[in-house]
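Asker: One structure coming up, written as structure tokens, with questions to follow.
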Amino acid sequence: MTGSSLDHASADGSGMPGLVRPSLAQAIKRGFIGRCPRCARAKLFRAFLKPVDRCPDCQQDWSCQRADDFPAYLAILLTGHLVAPLIIAVELDFAPPAWVQMTLWPAIVAAMVIALIQPAKGAVIAAQWRLGLHGFSTSDMQAADADASGGARN
């Protein structure tokens, strides 16, 4: 895979060839699409909102993640900011009956929140991992930085 992060020597401190520590944006993107933020090769979730305990490919431990309610908050925040202008525009341009609005918008909101909750959780887990928060080792991140910058490996 030319041009991907898998073409380079290990720089994430794992000793596994082909892994380069992703940037924060890359890690969040990988988590958002439901892939392992570290290697991008395996699935991050074993069920709808249940992350795997350990990546089957790169062996990264995901059991210490603590996303809690933040993904739900993000999904609701994004949905509200996308749907509210639509509600106003539809009301101003078409003025549909109230019963149409009362059936249409709750269904759209529910579908959007359900569609966004897993990507939001993946992105939150990826950000926590990349930033060394909530049980993810900051020493692993510092070792990966030293490797990536050409520092000596122990």
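Ligands are numbered from 1 in the order shown, residues from 1 within each chain, and chains are lettered A, B, ... in the order they appear in the structure tokens.
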Residues near Trp105 of chain A, anyone? I mean within 12 Å using only C-alpha atoms, not counting same-chain ones fewer than 2 positions away, as a ChimeraX atom specification.

Answerer: /A:79-80,82-88,90-91,96,98-103,107-112

Asker: Write to file, as a PDB file, in the first residue's frame, the residues of the selection just made, with C-alpha atoms.

Answerer:
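Wrote it out as selection-v3.pdb, contents follow:
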```pdb
ATOM      1  CA  THR A  79     -27.435  16.436  15.044  1.00  0.00           C
ATOM      2  CA  GLY A  80     -28.937  19.522  16.640  1.00  0.00           C
ATOM      3  CA  LEU A  82     -27.485  20.134  11.424  1.00  0.00           C
ATOM      4  CA  VAL A  83     -31.224  19.602  11.909  1.00  0.00           C
ATOM      5  CA  ALA A  84     -32.236  22.906  13.535  1.00  0.00           C
ATOM      6  CA  PRO A  85     -31.452  25.003  10.425  1.00  0.00           C
ATOM      7  CA  LEU A  86     -33.278  22.437   8.287  1.00  0.00           C
ATOM      8  CA  ILE A  87     -36.365  22.659  10.474  1.00  0.00           C
ATOM      9  CA  ILE A  88     -36.356  26.443  10.195  1.00  0.00           C
ATOM     10  CA  VAL A  90     -38.561  23.855   5.827  1.00  0.00           C
ATOM     11  CA  GLU A  91     -40.960  25.828   8.007  1.00  0.00           C
ATOM     12  CA  PRO A  96     -46.003  21.966   6.279  1.00  0.00           C
ATOM     13  CA  ALA A  98     -47.726  20.453  12.326  1.00  0.00           C
ATOM     14  CA  TRP A  99     -48.441  16.695  12.176  1.00  0.00           C
ATOM     15  CA  VAL A 100     -45.912  16.363   9.325  1.00  0.00           C
ATOM     16  CA  GLN A 101     -43.276  18.219  11.302  1.00  0.00           C
ATOM     17  CA  MET A 102     -44.052  16.211  14.461  1.00  0.00           C
ATOM     18  CA  THR A 103     -43.493  12.910  12.641  1.00  0.00           C
ATOM     19  CA  ALA A 107     -37.526  10.298  12.966  1.00  0.00           C
ATOM     20  CA  ILE A 108     -34.705  12.197  11.241  1.00  0.00           C
ATOM     21  CA  VAL A 109     -33.124  13.176  14.562  1.00  0.00           C
ATOM     22  CA  ALA A 110     -33.276   9.603  15.898  1.00  0.00           C
ATOM     23  CA  ALA A 111     -31.735   8.215  12.709  1.00  0.00           C
ATOM     24  CA  MET A 112     -28.939  10.793  12.740  1.00  0.00           C
TER      25      MET A 112
END
```

Asker: Using only C-alpha atoms, which protein or nucleic acid residues come within 10 Å of Lys50 of chain A? Drop anything in the same chain fewer than 5 positions from it, and give the result as a PyMOL selection string.

Answerer: chain A and resi 44-45+118+121

Asker: Okay, now the selection with all heavy atoms, as a short mmCIF file (atom, residue, chain, number, x, y, z; two decimals), in the first residue's frame?

Answerer:
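Okay, again26.cif is ready:
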```cif
data_model
loop_
_atom_site.label_atom_id
_atom_site.label_comp_id
_atom_site.auth_asym_id
_atom_site.auth_seq_id
_atom_site.Cartn_x
_atom_site.Cartn_y
_atom_site.Cartn_z
N LEU A 44 -12.38 -1.58 15.17
CA LEU A 44 -12.30 -1.07 16.54
C LEU A 44 -13.45 -1.60 17.39
O LEU A 44 -13.31 -1.74 18.60
CB LEU A 44 -12.31 0.46 16.53
CG LEU A 44 -12.19 1.17 17.87
CD1 LEU A 44 -10.90 0.78 18.59
CD2 LEU A 44 -12.24 2.68 17.68
N PHE A 45 -14.59 -1.93 16.78
CA PHE A 45 -15.77 -2.36 17.53
C PHE A 45 -16.11 -3.81 17.25
O PHE A 45 -16.10 -4.26 16.11
CB PHE A 45 -16.98 -1.48 17.16
CG PHE A 45 -16.81 -0.05 17.58
CD1 PHE A 45 -16.34 0.90 16.69
CD2 PHE A 45 -17.11 0.34 18.87
CE1 PHE A 45 -16.18 2.21 17.08
CE2 PHE A 45 -16.95 1.66 19.26
CZ PHE A 45 -16.48 2.60 18.36
N GLN A 118 -21.70 5.68 16.99
CA GLN A 118 -20.52 4.82 16.89
C GLN A 118 -19.31 5.58 16.32
O GLN A 118 -18.22 5.48 16.89
CB GLN A 118 -20.79 3.57 16.07
CG GLN A 118 -19.61 2.62 16.11
CD GLN A 118 -19.78 1.43 15.19
OE1 GLN A 118 -20.12 1.61 14.02
NE2 GLN A 118 -19.54 0.25 15.71
N LYS A 121 -17.96 7.70 19.08
CA LYS A 121 -17.26 6.93 20.11
C LYS A 121 -15.88 6.51 19.61
O LYS A 121 -14.89 6.58 20.34
CB LYS A 121 -18.06 5.71 20.53
CG LYS A 121 -17.41 4.96 21.68
CD LYS A 121 -18.33 3.97 22.33
CE LYS A 121 -17.66 3.37 23.55
NZ LYS A 121 -18.59 2.55 24.32
#
```

Asker: Using only C-alpha atoms for the distances, tell me which of A:Phe94, A:Tyr73, A:Trp62, A:Phe136 is nearest to Cys36 of chain A.

Answerer: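 Closest to Cys36 of chain A, using only C-alpha atoms: A:Trp62.
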
Asker: Have a look at atom CA of Leu77 of chain A and atom CA of Val52 of chain A and let me know their distance in Å, one decimal.

Answerer: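 The value is 26.1 Å.
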
Asker: Between A:Ala25, A:Val124, A:Gly34, A:Leu116, which residue has the minimum interatomic distance to Ala47 of chain A, considering only C-alpha atoms?

Answerer: A:Gly34

Asker: May I have the residues within 8 Å of Pro119 of chain A as a PyMOL selection string, using only C-alpha atoms and disregarding those fewer than 2 positions away in the same chain?

Answerer: chain A and resi 31-34+115-117+121-123

Asker: Select, from A:Cys55, A:Ala126, A:Leu49, A:Leu133, the residue with the minimum atom-to-atom distance to Asp69 of chain A, counting only C-alpha atoms.

Answerer: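 Distance minimum relative to Asp69 of chain A lands on A:Leu49.
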
Asker: Using only C-alpha atoms, can you tell me which of A:Leu19, A:Phe70, A:Val113, A:Cys64 comes closest to Gly132 of chain A?

Answerer: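 Using only C-alpha atoms, the shortest distance to Gly132 of chain A belongs to A:Cys64.
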
Asker: Which of segment 8-71 of chain A end up as alpha helix (DSSP H) when DSSP is run on this backbone - answer as a PDB file with N, CA, C and O atoms, in the first residue's frame?

Answerer:
```
ATOM      1  N   LEU A  24      -2.782  13.064  15.435  1.00  0.00           N
ATOM      2  CA  LEU A  24      -4.075  13.107  16.126  1.00  0.00           C
ATOM      3  C   LEU A  24      -5.215  13.054  15.113  1.00  0.00           C
ATOM      4  O   LEU A  24      -6.180  12.307  15.293  1.00  0.00           O
ATOM      5  N   ALA A  25      -5.109  13.828  14.043  1.00  0.00           N
ATOM      6  CA  ALA A  25      -6.165  13.844  13.024  1.00  0.00           C
ATOM      7  C   ALA A  25      -6.317  12.485  12.355  1.00  0.00           C
ATOM      8  O   ALA A  25      -7.443  12.025  12.126  1.00  0.00           O
ATOM      9  N   GLN A  26      -5.206  11.818  12.047  1.00  0.00           N
ATOM     10  CA  GLN A  26      -5.280  10.484  11.435  1.00  0.00           C
ATOM     11  C   GLN A  26      -5.928   9.496  12.389  1.00  0.00           C
ATOM     12  O   GLN A  26      -6.765   8.683  11.972  1.00  0.00           O
ATOM     13  N   ALA A  27      -5.536   9.530  13.649  1.00  0.00           N
ATOM     14  CA  ALA A  27      -6.097   8.608  14.639  1.00  0.00           C
ATOM     15  C   ALA A  27      -7.602   8.829  14.777  1.00  0.00           C
ATOM     16  O   ALA A  27      -8.378   7.867  14.800  1.00  0.00           O
ATOM     17  N   ILE A  28      -8.027  10.088  14.853  1.00  0.00           N
ATOM     18  CA  ILE A  28      -9.455  10.389  14.986  1.00  0.00           C
ATOM     19  C   ILE A  28     -10.212   9.931  13.749  1.00  0.00           C
ATOM     20  O   ILE A  28     -11.302   9.359  13.857  1.00  0.00           O
ATOM     21  N   LYS A  29      -9.639  10.148  12.570  1.00  0.00           N
ATOM     22  CA  LYS A  29     -10.290   9.693  11.335  1.00  0.00           C
ATOM     23  C   LYS A  29     -10.450   8.175  11.336  1.00  0.00           C
ATOM     24  O   LYS A  29     -11.513   7.656  10.990  1.00  0.00           O
ATOM     25  N   ARG A  30      -9.402   7.474  11.740  1.00  0.00           N
ATOM     26  CA  ARG A  30      -9.469   6.013  11.793  1.00  0.00           C
ATOM     27  C   ARG A  30     -10.534   5.560  12.791  1.00  0.00           C
ATOM     28  O   ARG A  30     -11.307   4.644  12.504  1.00  0.00           O
ATOM     29  N   GLY A  31     -10.570   6.173  13.950  1.00  0.00           N
ATOM     30  CA  GLY A  31     -11.587   5.831  14.936  1.00  0.00           C
ATOM     31  C   GLY A  31     -12.987   6.151  14.438  1.00  0.00           C
ATOM     32  O   GLY A  31     -13.926   5.386  14.656  1.00  0.00           O
ATOM     33  N   PHE A  32     -13.144   7.269  13.754  1.00  0.00           N
ATOM     34  CA  PHE A  32     -14.442   7.689  13.228  1.00  0.00           C
ATOM     35  C   PHE A  32     -15.001   6.674  12.248  1.00  0.00           C
ATOM     36  O   PHE A  32     -16.199   6.424  12.218  1.00  0.00           O
ATOM     37  N   PHE A  70     -19.467  11.185  26.490  1.00  0.00           N
ATOM     38  CA  PHE A  70     -19.022  12.201  25.534  1.00  0.00           C
ATOM     39  C   PHE A  70     -19.435  11.894  24.086  1.00  0.00           C
ATOM     40  O   PHE A  70     -19.867  12.810  23.370  1.00  0.00           O
ATOM     41  N   PRO A  71     -19.364  10.639  23.606  1.00  0.00           N
ATOM     42  CA  PRO A  71     -19.824  10.374  22.234  1.00  0.00           C
ATOM     43  C   PRO A  71     -21.307  10.702  22.037  1.00  0.00           C
ATOM     44  O   PRO A  71     -21.684  11.247  20.992  1.00  0.00           O
TER      45      PRO A  71
END
```

Asker: Taking only C-alpha atoms into account, which of A:Leu104, A:Ala67, A:Leu78, A:Ile114 comes nearest Gly135 of chain A?

Answerer: A:Ala67
